[in-house]
Amino acid sequence: MTAEPLPTTPEPLPTTLWPVPPQDGYTVDDLLTLPGLPPHTELIDGSLVFVSPQRYFHSIVIDLLVAGLRRTAPPELRVVREMTVQLDEQNGPEPDICLVRAEAVTSRQQTRFDVADVSLAVEVVSPDSESRDRDTKPHKYARAGIQHFWLVEMANPNDHPVVQVYELAAVTRSYALVGIHHERLKLSVPYDIDIDLADVDNL
């Protein structure tokens with residue numbers, strides 16, 4: 001007589017342990033000290049925002065703009081990419097590019113900049129973050145007093161970047177569109193800038 005096989009307990013499904021937010025939401029200090037957060041996690045209104053994998057367009061456009069900005073940046077400014085900017089205790093977005101005062105760069109180990117040190121924030125629109133890039137983050141940058149904002153999108157059919165340039169209206173604390181640049185980004189503020197946007201094809 002053959003013994004009946006003993007019933008087996010199914011293997012438990014793998015689980016992911018997500019951090020439980022505090023009652024009043026996370027702070028920027030939490031964002032920068034919580035272990036195991038994915039790269040480029042942002043803090044918006046006390047909530048953690050995780051970033052999806054980026055398109056190649058996103059990467060090469062950041063490279064193009066960073067190189068162009070650094071080429072003519074005055075010594076009192078630094079061009080940084082993908083660094084947390086502390087707007088207040090519960091908002092720590094990560095612009096794709098920003099201009100900061102040189103004095104604000106205090107260490108190779110620093111992980112954030114204060115909004116008062118930022119004169120330009122740049123967002124390259126991604127499919128997963130379109131609403132944040134177009135609406136949430138520009139609104140918060142303006143309310144926090146960042147003087148200049150660029151919104152960068154892909155133009156069809158050639159997949160070249162189009163840069164929408166905004167400046168802060170001090171009275172309303174909102175951004176006003178001052179130009180849309182398709183082939184060449186040539187500006188005199190916040191300093192003299194001249195970037196051939198078609199150079200993205202060479203990256």
# chains A, B, ... in the order shown; residues from 1 in each chain; ligands from 1
>>> closest_atom_pairs(of="stretch 112-152 of chain A", to="stretch 41-64 of chain A", cutoff="9 Å", atoms="only C-alpha atoms", output="tab-separated table")
residue	atom	partner	partner_atom	distance
A:Val124	CA	A:His58	CA	6.3
A:Val125	CA	A:His58	CA	7.7
A:Ser126	CA	A:Gln54	CA	7.1
A:Pro127	CA	A:Gln54	CA	8.8
A:Asp128	CA	A:Ser52	CA	6.7
A:Ser129	CA	A:Val51	CA	7.9
A:Thr136	CA	A:Ile44	CA	8.7
A:Lys137	CA	A:Ile44	CA	8.5
A:Val152	CA	A:Val61	CA	8.6
>>> select_by_dssp(residues="stretch 23-78 of chain A", states="alpha helix (DSSP H)", output="mmCIF file with all heavy atoms, in the first residue's frame")
data_model
loop_
_atom_site.group_PDB
_atom_site.id
_atom_site.type_symbol
_atom_site.label_atom_id
_atom_site.label_comp_id
_atom_site.auth_asym_id
_atom_site.auth_seq_id
_atom_site.Cartn_x
_atom_site.Cartn_y
_atom_site.Cartn_z
ATOM 1 N N VAL A 28 11.920 66.464 4.558
ATOM 2 C CA VAL A 28 13.103 66.342 3.700
ATOM 3 C C VAL A 28 14.210 65.581 4.426
ATOM 4 O O VAL A 28 14.944 64.806 3.815
ATOM 5 C CB VAL A 28 13.578 67.734 3.238
ATOM 6 C CG1 VAL A 28 14.893 67.623 2.475
ATOM 7 C CG2 VAL A 28 12.514 68.397 2.365
ATOM 8 N N ASP A 29 14.333 65.774 5.733
ATOM 9 C CA ASP A 29 15.321 65.005 6.489
ATOM 10 C C ASP A 29 15.045 63.509 6.372
ATOM 11 O O ASP A 29 15.972 62.706 6.242
ATOM 12 C CB ASP A 29 15.324 65.429 7.962
ATOM 13 C CG ASP A 29 15.984 66.789 8.169
ATOM 14 O OD1 ASP A 29 16.798 67.194 7.313
ATOM 15 O OD2 ASP A 29 15.676 67.448 9.174
ATOM 16 N N ASP A 30 13.759 63.121 6.422
ATOM 17 C CA ASP A 30 13.409 61.709 6.238
ATOM 18 C C ASP A 30 13.818 61.239 4.848
ATOM 19 O O ASP A 30 14.387 60.149 4.679
ATOM 20 C CB ASP A 30 11.901 61.495 6.399
ATOM 21 C CG ASP A 30 11.397 61.774 7.805
ATOM 22 O OD1 ASP A 30 12.150 61.534 8.762
ATOM 23 O OD2 ASP A 30 10.243 62.238 7.931
ATOM 24 N N LEU A 31 13.510 62.046 3.837
ATOM 25 C CA LEU A 31 13.827 61.688 2.451
ATOM 26 C C LEU A 31 15.304 61.346 2.289
ATOM 27 O O LEU A 31 15.669 60.405 1.584
ATOM 28 C CB LEU A 31 13.456 62.850 1.524
ATOM 29 C CG LEU A 31 13.926 62.756 0.066
ATOM 30 C CD1 LEU A 31 13.183 61.656 -0.667
ATOM 31 C CD2 LEU A 31 13.731 64.094 -0.647
ATOM 32 N N LEU A 32 16.148 62.109 2.961
ATOM 33 C CA LEU A 32 17.592 61.959 2.764
ATOM 34 C C LEU A 32 18.224 60.941 3.707
ATOM 35 O O LEU A 32 19.413 60.659 3.590
ATOM 36 C CB LEU A 32 18.272 63.323 2.919
ATOM 37 C CG LEU A 32 17.799 64.382 1.913
ATOM 38 C CD1 LEU A 32 18.432 65.723 2.208
ATOM 39 C CD2 LEU A 32 18.095 63.953 0.489
ATOM 40 N N THR A 33 17.430 60.385 4.638
ATOM 41 C CA THR A 33 18.014 59.430 5.593
ATOM 42 C C THR A 33 17.314 58.071 5.613
ATOM 43 O O THR A 33 17.865 57.133 6.167
ATOM 44 C CB THR A 33 17.994 60.011 7.021
ATOM 45 O OG1 THR A 33 16.649 60.367 7.380
ATOM 46 C CG2 THR A 33 18.885 61.239 7.119
ATOM 47 N N TYR A 56 15.754 57.389 -23.070
ATOM 48 C CA TYR A 56 17.064 57.863 -23.534
ATOM 49 C C TYR A 56 17.018 59.355 -23.833
ATOM 50 O O TYR A 56 17.968 60.094 -23.540
ATOM 51 C CB TYR A 56 17.472 57.069 -24.769
ATOM 52 C CG TYR A 56 18.818 57.448 -25.350
ATOM 53 C CD1 TYR A 56 19.987 57.339 -24.591
ATOM 54 C CD2 TYR A 56 18.937 57.904 -26.660
ATOM 55 C CE1 TYR A 56 21.219 57.686 -25.125
ATOM 56 C CE2 TYR A 56 20.158 58.246 -27.196
ATOM 57 C CZ TYR A 56 21.297 58.136 -26.422
ATOM 58 O OH TYR A 56 22.516 58.470 -26.957
ATOM 59 N N PHE A 57 15.908 59.835 -24.397
ATOM 60 C CA PHE A 57 15.738 61.263 -24.684
ATOM 61 C C PHE A 57 15.985 62.091 -23.427
ATOM 62 O O PHE A 57 16.668 63.120 -23.464
ATOM 63 C CB PHE A 57 14.330 61.521 -25.217
ATOM 64 C CG PHE A 57 13.983 62.976 -25.379
ATOM 65 C CD1 PHE A 57 14.351 63.675 -26.523
ATOM 66 C CD2 PHE A 57 13.284 63.659 -24.386
ATOM 67 C CE1 PHE A 57 14.031 65.018 -26.675
ATOM 68 C CE2 PHE A 57 12.960 64.998 -24.531
ATOM 69 C CZ PHE A 57 13.336 65.679 -25.673
ATOM 70 N N HIS A 58 15.434 61.648 -22.318
ATOM 71 C CA HIS A 58 15.576 62.374 -21.055
ATOM 72 C C HIS A 58 17.047 62.526 -20.682
ATOM 73 O O HIS A 58 17.506 63.611 -20.305
ATOM 74 C CB HIS A 58 14.808 61.610 -19.966
ATOM 75 C CG HIS A 58 14.674 62.323 -18.666
ATOM 76 N ND1 HIS A 58 15.604 62.194 -17.662
ATOM 77 C CD2 HIS A 58 13.722 63.171 -18.197
ATOM 78 C CE1 HIS A 58 15.219 62.929 -16.627
ATOM 79 N NE2 HIS A 58 14.091 63.532 -16.918
ATOM 80 N N SER A 59 17.802 61.456 -20.803
ATOM 81 C CA SER A 59 19.214 61.466 -20.416
ATOM 82 C C SER A 59 20.058 62.372 -21.311
ATOM 83 O O SER A 59 20.847 63.189 -20.827
ATOM 84 C CB SER A 59 19.759 60.031 -20.458
ATOM 85 O OG SER A 59 21.146 60.009 -20.221
ATOM 86 N N ILE A 60 19.875 62.245 -22.638
ATOM 87 C CA ILE A 60 20.749 63.016 -23.530
ATOM 88 C C ILE A 60 20.398 64.496 -23.523
ATOM 89 O O ILE A 60 21.273 65.350 -23.720
ATOM 90 C CB ILE A 60 20.762 62.451 -24.969
ATOM 91 C CG1 ILE A 60 19.373 62.479 -25.598
ATOM 92 C CG2 ILE A 60 21.341 61.049 -24.985
ATOM 93 C CD1 ILE A 60 19.371 62.090 -27.076
ATOM 94 N N VAL A 61 19.124 64.835 -23.288
ATOM 95 C CA VAL A 61 18.761 66.247 -23.227
ATOM 96 C C VAL A 61 19.353 66.891 -21.978
ATOM 97 O O VAL A 61 19.845 68.028 -22.024
ATOM 98 C CB VAL A 61 17.226 66.417 -23.283
ATOM 99 C CG1 VAL A 61 16.824 67.838 -22.905
ATOM 100 C CG2 VAL A 61 16.727 66.095 -24.684
ATOM 101 N N ILE A 62 19.328 66.181 -20.876
ATOM 102 C CA ILE A 62 19.986 66.708 -19.674
ATOM 103 C C ILE A 62 21.467 66.924 -19.950
ATOM 104 O O ILE A 62 22.032 67.971 -19.603
ATOM 105 C CB ILE A 62 19.766 65.771 -18.469
ATOM 106 C CG1 ILE A 62 18.298 65.772 -18.052
ATOM 107 C CG2 ILE A 62 20.638 66.207 -17.291
ATOM 108 C CD1 ILE A 62 17.976 64.787 -16.940
ATOM 109 N N ASP A 63 22.129 65.950 -20.595
ATOM 110 C CA ASP A 63 23.554 66.096 -20.926
ATOM 111 C C ASP A 63 23.793 67.337 -21.786
ATOM 112 O O ASP A 63 24.729 68.109 -21.547
ATOM 113 C CB ASP A 63 24.052 64.857 -21.682
ATOM 114 C CG ASP A 63 24.190 63.635 -20.789
ATOM 115 O OD1 ASP A 63 24.212 63.785 -19.549
ATOM 116 O OD2 ASP A 63 24.272 62.510 -21.336
ATOM 117 N N LEU A 64 22.947 67.525 -22.806
ATOM 118 C CA LEU A 64 23.103 68.655 -23.722
ATOM 119 C C LEU A 64 22.971 69.985 -22.980
ATOM 120 O O LEU A 64 23.804 70.894 -23.147
ATOM 121 C CB LEU A 64 22.037 68.564 -24.821
ATOM 122 C CG LEU A 64 21.954 69.745 -25.785
ATOM 123 C CD1 LEU A 64 23.162 69.752 -26.717
ATOM 124 C CD2 LEU A 64 20.659 69.700 -26.589
ATOM 125 N N LEU A 65 21.942 70.110 -22.141
ATOM 126 C CA LEU A 65 21.705 71.373 -21.446
ATOM 127 C C LEU A 65 22.749 71.647 -20.378
ATOM 128 O O LEU A 65 23.194 72.791 -20.211
ATOM 129 C CB LEU A 65 20.298 71.378 -20.843
ATOM 130 C CG LEU A 65 19.147 71.334 -21.853
ATOM 131 C CD1 LEU A 65 17.807 71.259 -21.125
ATOM 132 C CD2 LEU A 65 19.177 72.536 -22.791
ATOM 133 N N VAL A 66 23.154 70.609 -19.656
ATOM 134 C CA VAL A 66 24.189 70.792 -18.631
ATOM 135 C C VAL A 66 25.480 71.284 -19.278
ATOM 136 O O VAL A 66 26.113 72.242 -18.802
ATOM 137 C CB VAL A 66 24.420 69.493 -17.842
ATOM 138 C CG1 VAL A 66 25.710 69.572 -17.033
ATOM 139 C CG2 VAL A 66 23.238 69.222 -16.915
ATOM 140 N N ALA A 67 25.890 70.646 -20.378
ATOM 141 C CA ALA A 67 27.124 71.058 -21.061
ATOM 142 C C ALA A 67 27.004 72.494 -21.564
ATOM 143 O O ALA A 67 27.944 73.291 -21.423
ATOM 144 C CB ALA A 67 27.429 70.105 -22.215
ATOM 145 N N GLY A 68 25.850 72.846 -22.151
ATOM 146 C CA GLY A 68 25.666 74.198 -22.663
ATOM 147 C C GLY A 68 25.648 75.242 -21.568
ATOM 148 O O GLY A 68 26.216 76.332 -21.722
ATOM 149 N N LEU A 69 25.014 74.934 -20.471
ATOM 150 C CA LEU A 69 24.973 75.883 -19.349
ATOM 151 C C LEU A 69 26.353 76.069 -18.731
ATOM 152 O O LEU A 69 26.741 77.187 -18.374
ATOM 153 C CB LEU A 69 23.981 75.393 -18.294
ATOM 154 C CG LEU A 69 22.498 75.554 -18.627
ATOM 155 C CD1 LEU A 69 21.640 74.727 -17.681
ATOM 156 C CD2 LEU A 69 22.097 77.024 -18.561
ATOM 157 N N ARG A 70 27.098 74.988 -18.592
ATOM 158 C CA ARG A 70 28.427 75.093 -17.972
ATOM 159 C C ARG A 70 29.408 75.843 -18.852
ATOM 160 O O ARG A 70 30.351 76.455 -18.349
ATOM 161 C CB ARG A 70 28.958 73.696 -17.649
ATOM 162 C CG ARG A 70 28.278 73.073 -16.440
ATOM 163 C CD ARG A 70 28.796 71.687 -16.133
ATOM 164 N NE ARG A 70 28.188 71.173 -14.902
ATOM 165 C CZ ARG A 70 28.126 69.893 -14.569
ATOM 166 N NH1 ARG A 70 28.639 68.983 -15.375
ATOM 167 N NH2 ARG A 70 27.561 69.522 -13.444
ATOM 168 N N ARG A 71 29.190 75.815 -20.153
ATOM 169 C CA ARG A 71 30.148 76.438 -21.072
ATOM 170 C C ARG A 71 30.290 77.934 -20.817
ATOM 171 O O ARG A 71 31.380 78.493 -20.968
ATOM 172 C CB ARG A 71 29.703 76.167 -22.508
ATOM 173 C CG ARG A 71 30.704 76.587 -23.577
ATOM 174 C CD ARG A 71 30.390 75.984 -24.933
ATOM 175 N NE ARG A 71 29.011 76.240 -25.342
ATOM 176 C CZ ARG A 71 28.087 75.296 -25.497
ATOM 177 N NH1 ARG A 71 28.375 74.020 -25.258
ATOM 178 N NH2 ARG A 71 26.865 75.616 -25.894
ATOM 179 N N THR A 72 29.192 78.599 -20.422
ATOM 180 C CA THR A 72 29.248 80.058 -20.250
ATOM 181 C C THR A 72 28.864 80.499 -18.838
ATOM 182 O O THR A 72 28.678 81.706 -18.613
ATOM 183 C CB THR A 72 28.317 80.753 -21.266
ATOM 184 O OG1 THR A 72 26.988 80.233 -21.120
ATOM 185 C CG2 THR A 72 28.795 80.529 -22.688
#
>>> residues_around(residues="A:Asp194", least_positions_apart="3", cutoff="8 Å", atoms="only C-alpha atoms", output="VMD selection string")
chain A and resid 68 184 to 187
>>> write_last_selection(atoms="all heavy atoms", output="short mmCIF file (atom, residue, chain, number, x, y, z; two decimals), in the first residue's frame")
data_model
loop_
_atom_site.label_atom_id
_atom_site.label_comp_id
_atom_site.auth_asym_id
_atom_site.auth_seq_id
_atom_site.Cartn_x
_atom_site.Cartn_y
_atom_site.Cartn_z
N GLY A 68 25.85 72.85 -22.15
CA GLY A 68 25.67 74.20 -22.66
C GLY A 68 25.65 75.24 -21.57
O GLY A 68 26.22 76.33 -21.72
N ARG A 184 17.40 76.63 -31.35
CA ARG A 184 18.52 77.22 -30.61
C ARG A 184 17.98 77.91 -29.37
O ARG A 184 16.98 78.62 -29.43
CB ARG A 184 19.27 78.22 -31.49
CG ARG A 184 20.61 78.62 -30.95
CD ARG A 184 21.45 79.37 -31.99
NE ARG A 184 22.87 79.19 -31.72
CZ ARG A 184 23.62 78.24 -32.25
NH1 ARG A 184 23.08 77.38 -33.09
NH2 ARG A 184 24.89 78.12 -31.95
N LEU A 185 18.66 77.68 -28.26
CA LEU A 185 18.29 78.32 -26.99
C LEU A 185 19.28 79.45 -26.75
O LEU A 185 20.42 79.21 -26.33
CB LEU A 185 18.32 77.30 -25.86
CG LEU A 185 17.96 77.80 -24.46
CD1 LEU A 185 16.53 78.33 -24.42
CD2 LEU A 185 18.13 76.68 -23.44
N LYS A 186 18.85 80.67 -27.04
CA LYS A 186 19.74 81.83 -26.90
C LYS A 186 19.06 82.82 -25.96
O LYS A 186 17.99 83.36 -26.28
CB LYS A 186 20.03 82.46 -28.25
CG LYS A 186 21.17 83.46 -28.23
CD LYS A 186 21.67 83.79 -29.62
CE LYS A 186 22.89 84.68 -29.56
NZ LYS A 186 23.46 84.95 -30.89
N LEU A 187 19.70 83.06 -24.80
CA LEU A 187 19.11 83.89 -23.75
C LEU A 187 20.17 84.82 -23.18
O LEU A 187 21.37 84.54 -23.25
CB LEU A 187 18.55 83.01 -22.62
CG LEU A 187 17.51 81.96 -22.99
CD1 LEU A 187 17.26 81.03 -21.82
CD2 LEU A 187 16.21 82.63 -23.42
#
>>> residues_around(residues="A:Gly179", least_positions_apart="2", cutoff="10 Å", atoms="only C-alpha atoms", output="CSV table (one decimal) with all heavy atoms, in the first residue's frame")
chain,number,residue,atom,x,y,z
A,150,TRP,N,12.6,76.3,-16.7
A,150,TRP,CA,12.5,75.8,-18.1
A,150,TRP,C,11.7,74.5,-18.1
A,150,TRP,O,12.0,73.6,-17.3
A,150,TRP,CB,13.8,75.6,-18.7
A,150,TRP,CG,14.7,76.8,-18.9
A,150,TRP,CD1,14.4,78.1,-18.6
A,150,TRP,CD2,16.1,76.7,-19.3
A,150,TRP,NE1,15.5,78.9,-18.9
A,150,TRP,CE2,16.6,78.1,-19.2
A,150,TRP,CE3,17.0,75.7,-19.6
A,150,TRP,CZ2,17.9,78.4,-19.6
A,150,TRP,CZ3,18.3,76.1,-19.9
A,150,TRP,CH2,18.7,77.4,-19.9
A,163,VAL,N,12.3,73.9,-25.7
A,163,VAL,CA,12.5,74.5,-24.4
A,163,VAL,C,11.5,75.7,-24.2
A,163,VAL,O,11.6,76.7,-24.9
A,163,VAL,CB,13.9,75.0,-24.1
A,163,VAL,CG1,14.1,75.5,-22.7
A,163,VAL,CG2,14.9,73.8,-24.4
A,164,GLN,N,10.6,75.6,-23.2
A,164,GLN,CA,9.7,76.7,-22.9
A,164,GLN,C,10.4,77.4,-21.7
A,164,GLN,O,10.7,76.8,-20.7
A,164,GLN,CB,8.3,76.2,-22.5
A,164,GLN,CG,7.6,75.4,-23.6
A,164,GLN,CD,6.3,74.8,-23.1
A,164,GLN,OE1,5.6,75.3,-22.2
A,164,GLN,NE2,6.0,73.6,-23.6
A,165,VAL,N,10.6,78.7,-21.8
A,165,VAL,CA,11.3,79.5,-20.9
A,165,VAL,C,10.3,80.4,-20.1
A,165,VAL,O,9.5,81.1,-20.7
A,165,VAL,CB,12.4,80.4,-21.5
A,165,VAL,CG1,13.1,81.3,-20.5
A,165,VAL,CG2,13.4,79.5,-22.2
A,166,TYR,N,10.4,80.3,-18.8
A,166,TYR,CA,9.5,81.1,-17.9
A,166,TYR,C,10.3,81.9,-17.0
A,166,TYR,O,11.4,81.6,-16.5
A,166,TYR,CB,8.6,80.1,-17.1
A,166,TYR,CG,7.6,79.3,-17.9
A,166,TYR,CD1,8.1,78.1,-18.5
A,166,TYR,CD2,6.3,79.7,-18.1
A,166,TYR,CE1,7.2,77.3,-19.2
A,166,TYR,CE2,5.4,78.9,-18.8
A,166,TYR,CZ,5.9,77.7,-19.4
A,166,TYR,OH,5.1,76.9,-20.1
A,167,GLU,N,9.7,83.1,-16.6
A,167,GLU,CA,10.3,83.9,-15.6
A,167,GLU,C,9.2,84.2,-14.5
A,167,GLU,O,8.0,84.3,-14.8
A,167,GLU,CB,10.8,85.3,-16.2
A,167,GLU,CG,12.1,85.1,-17.0
A,167,GLU,CD,12.6,86.4,-17.5
A,167,GLU,OE1,12.3,87.4,-17.0
A,167,GLU,OE2,13.5,86.3,-18.4
A,176,ALA,N,5.6,83.4,-15.9
A,176,ALA,CA,5.1,83.9,-17.2
A,176,ALA,C,6.0,83.4,-18.3
A,176,ALA,O,7.2,83.4,-18.2
A,176,ALA,CB,5.1,85.4,-17.1
A,177,LEU,N,5.3,82.8,-19.3
A,177,LEU,CA,6.1,82.3,-20.5
A,177,LEU,C,6.7,83.5,-21.2
A,177,LEU,O,6.0,84.4,-21.6
A,177,LEU,CB,5.1,81.5,-21.4
A,177,LEU,CG,5.8,80.9,-22.6
A,177,LEU,CD1,6.8,79.8,-22.3
A,177,LEU,CD2,4.7,80.4,-23.5
A,181,HIS,N,11.7,77.8,-27.5
A,181,HIS,CA,12.9,77.7,-28.4
A,181,HIS,C,12.9,76.3,-29.0
A,181,HIS,O,12.9,75.3,-28.2
A,181,HIS,CB,14.1,77.9,-27.5
A,181,HIS,CG,14.1,79.3,-26.9
A,181,HIS,ND1,14.8,80.4,-27.4
A,181,HIS,CD2,13.5,79.8,-25.8
A,181,HIS,CE1,14.6,81.5,-26.7
A,181,HIS,NE2,13.8,81.1,-25.7
A,182,HIS,N,13.0,76.2,-30.3
A,182,HIS,CA,13.0,74.9,-31.0
A,182,HIS,C,14.3,74.5,-31.5
A,182,HIS,O,14.7,73.3,-31.4
A,182,HIS,CB,12.0,75.0,-32.2
A,182,HIS,CG,10.6,75.2,-31.8
A,182,HIS,ND1,9.7,74.1,-31.8
A,182,HIS,CD2,9.9,76.3,-31.5
A,182,HIS,CE1,8.5,74.5,-31.4
A,182,HIS,NE2,8.6,75.9,-31.2
A,185,LEU,N,18.7,77.7,-28.3
A,185,LEU,CA,18.3,78.3,-27.0
A,185,LEU,C,19.3,79.4,-26.7
A,185,LEU,O,20.4,79.2,-26.3
A,185,LEU,CB,18.3,77.3,-25.9
A,185,LEU,CG,18.0,77.8,-24.5
A,185,LEU,CD1,16.5,78.3,-24.4
A,185,LEU,CD2,18.1,76.7,-23.4
A,187,LEU,N,19.7,83.1,-24.8
A,187,LEU,CA,19.1,83.9,-23.8
A,187,LEU,C,20.2,84.8,-23.2
A,187,LEU,O,21.4,84.5,-23.3
A,187,LEU,CB,18.6,83.0,-22.6
A,187,LEU,CG,17.5,82.0,-23.0
A,187,LEU,CD1,17.3,81.0,-21.8
A,187,LEU,CD2,16.2,82.6,-23.4
>>> closest_residue(among="A:Gly25, A:Ile195, A:Asp96, A:Arg101", to="A:Phe149", atoms="only C-alpha atoms")
A:Asp96
>>> select_by_dssp(residues="stretch 16-199 of chain A", states="strand (DSSP E)", output="number ranges by chain")
A: 42-44, 47-49, 77-81, 84-86, 97-101, 112-114, 118-124, 148-155, 160-169, 174-181, 184-187, 193-196
>>> closest_residue(among="A:Pro138, A:Pro93, A:Pro161, A:Gly145", to="A:His40", atoms="only C-alpha atoms")
A:Pro93
>>> atom_distance(atom1="atom CA of A:Ser119", atom2="atom CA of A:Leu99")
5.6 Å
>>> closest_residue(among="A:Gln90, A:Ser188, A:Asn202, A:Thr172", to="A:Asp24", atoms="only C-alpha atoms")
A:Gln90
>>> closest_residue(among="A:Glu82, A:Ala116, A:Pro74, A:Asp88", to="A:Val189", atoms="only C-alpha atoms")
A:Pro74
>>> closest_residue(among="A:Arg173, A:Arg132, A:Lys140, A:His160", to="A:Val115", atoms="only C-alpha atoms")
A:Lys140
>>> closest_residue(among="A:Asp159, A:Val178, A:His139, A:Asp117", to="A:Ala102", atoms="only C-alpha atoms")
A:Asp117
>>> decode(residues="stretch 88-95 of chain A", atoms="all heavy atoms", output="PDB file, in the first residue's frame")
ATOM      1  N   ASP A  88      10.631  73.525   1.383  1.00  0.00           N
ATOM      2  CA  ASP A  88      10.192  73.689   2.763  1.00  0.00           C
ATOM      3  C   ASP A  88      10.354  72.336   3.436  1.00  0.00           C
ATOM      4  O   ASP A  88      10.950  71.427   2.846  1.00  0.00           O
ATOM      5  CB  ASP A  88       8.738  74.217   2.852  1.00  0.00           C
ATOM      6  CG  ASP A  88       7.746  73.354   2.079  1.00  0.00           C
ATOM      7  OD1 ASP A  88       7.842  72.115   2.143  1.00  0.00           O
ATOM      8  OD2 ASP A  88       6.862  73.921   1.411  1.00  0.00           O
ATOM      9  N   GLU A  89       9.815  72.192   4.641  1.00  0.00           N
ATOM     10  CA  GLU A  89      10.055  70.960   5.395  1.00  0.00           C
ATOM     11  C   GLU A  89       9.504  69.716   4.707  1.00  0.00           C
ATOM     12  O   GLU A  89      10.068  68.632   4.817  1.00  0.00           O
ATOM     13  CB  GLU A  89       9.451  71.075   6.799  1.00  0.00           C
ATOM     14  CG  GLU A  89       9.844  69.927   7.717  1.00  0.00           C
ATOM     15  CD  GLU A  89       9.277  70.076   9.113  1.00  0.00           C
ATOM     16  OE1 GLU A  89       8.049  70.180   9.223  1.00  0.00           O
ATOM     17  OE2 GLU A  89      10.077  70.092  10.075  1.00  0.00           O
ATOM     18  N   GLN A  90       8.401  69.858   3.960  1.00  0.00           N
ATOM     19  CA  GLN A  90       7.743  68.686   3.379  1.00  0.00           C
ATOM     20  C   GLN A  90       7.807  68.632   1.859  1.00  0.00           C
ATOM     21  O   GLN A  90       7.101  67.842   1.243  1.00  0.00           O
ATOM     22  CB  GLN A  90       6.284  68.615   3.837  1.00  0.00           C
ATOM     23  CG  GLN A  90       6.155  68.285   5.322  1.00  0.00           C
ATOM     24  CD  GLN A  90       4.762  67.840   5.682  1.00  0.00           C
ATOM     25  OE1 GLN A  90       3.788  68.522   5.353  1.00  0.00           O
ATOM     26  NE2 GLN A  90       4.649  66.710   6.357  1.00  0.00           N
ATOM     27  N   ASN A  91       8.661  69.450   1.252  1.00  0.00           N
ATOM     28  CA  ASN A  91       8.813  69.429  -0.200  1.00  0.00           C
ATOM     29  C   ASN A  91      10.281  69.450  -0.580  1.00  0.00           C
ATOM     30  O   ASN A  91      10.979  70.452  -0.340  1.00  0.00           O
ATOM     31  CB  ASN A  91       8.072  70.608  -0.835  1.00  0.00           C
ATOM     32  CG  ASN A  91       6.574  70.414  -0.860  1.00  0.00           C
ATOM     33  OD1 ASN A  91       6.049  69.696  -1.710  1.00  0.00           O
ATOM     34  ND2 ASN A  91       5.881  71.010   0.095  1.00  0.00           N
ATOM     35  N   GLY A  92      10.722  68.341  -1.153  1.00  0.00           N
ATOM     36  CA  GLY A  92      12.092  68.215  -1.624  1.00  0.00           C
ATOM     37  C   GLY A  92      12.110  67.611  -3.019  1.00  0.00           C
ATOM     38  O   GLY A  92      12.488  66.452  -3.191  1.00  0.00           O
ATOM     39  N   PRO A  93      11.668  68.379  -4.038  1.00  0.00           N
ATOM     40  CA  PRO A  93      11.732  67.863  -5.404  1.00  0.00           C
ATOM     41  C   PRO A  93      13.167  67.794  -5.890  1.00  0.00           C
ATOM     42  O   PRO A  93      14.081  68.361  -5.272  1.00  0.00           O
ATOM     43  CB  PRO A  93      10.926  68.891  -6.198  1.00  0.00           C
ATOM     44  CG  PRO A  93      11.098  70.158  -5.425  1.00  0.00           C
ATOM     45  CD  PRO A  93      11.170  69.756  -3.979  1.00  0.00           C
ATOM     46  N   GLU A  94      13.332  67.110  -7.004  1.00  0.00           N
ATOM     47  CA  GLU A  94      14.662  66.957  -7.600  1.00  0.00           C
ATOM     48  C   GLU A  94      14.605  67.429  -9.049  1.00  0.00           C
ATOM     49  O   GLU A  94      14.281  66.654  -9.945  1.00  0.00           O
ATOM     50  CB  GLU A  94      15.090  65.489  -7.536  1.00  0.00           C
ATOM     51  CG  GLU A  94      16.506  65.234  -7.986  1.00  0.00           C
ATOM     52  CD  GLU A  94      16.863  63.757  -7.931  1.00  0.00           C
ATOM     53  OE1 GLU A  94      17.138  63.266  -6.812  1.00  0.00           O
ATOM     54  OE2 GLU A  94      16.845  63.097  -8.989  1.00  0.00           O
ATOM     55  N   PRO A  95      14.874  68.714  -9.287  1.00  0.00           N
ATOM     56  CA  PRO A  95      14.890  69.186 -10.678  1.00  0.00           C
ATOM     57  C   PRO A  95      15.912  68.403 -11.488  1.00  0.00           C
ATOM     58  O   PRO A  95      16.945  67.964 -10.966  1.00  0.00           O
ATOM     59  CB  PRO A  95      15.291  70.659 -10.555  1.00  0.00           C
ATOM     60  CG  PRO A  95      15.029  71.027  -9.126  1.00  0.00           C
ATOM     61  CD  PRO A  95      15.230  69.777  -8.338  1.00  0.00           C
TER      62      PRO A  95
END
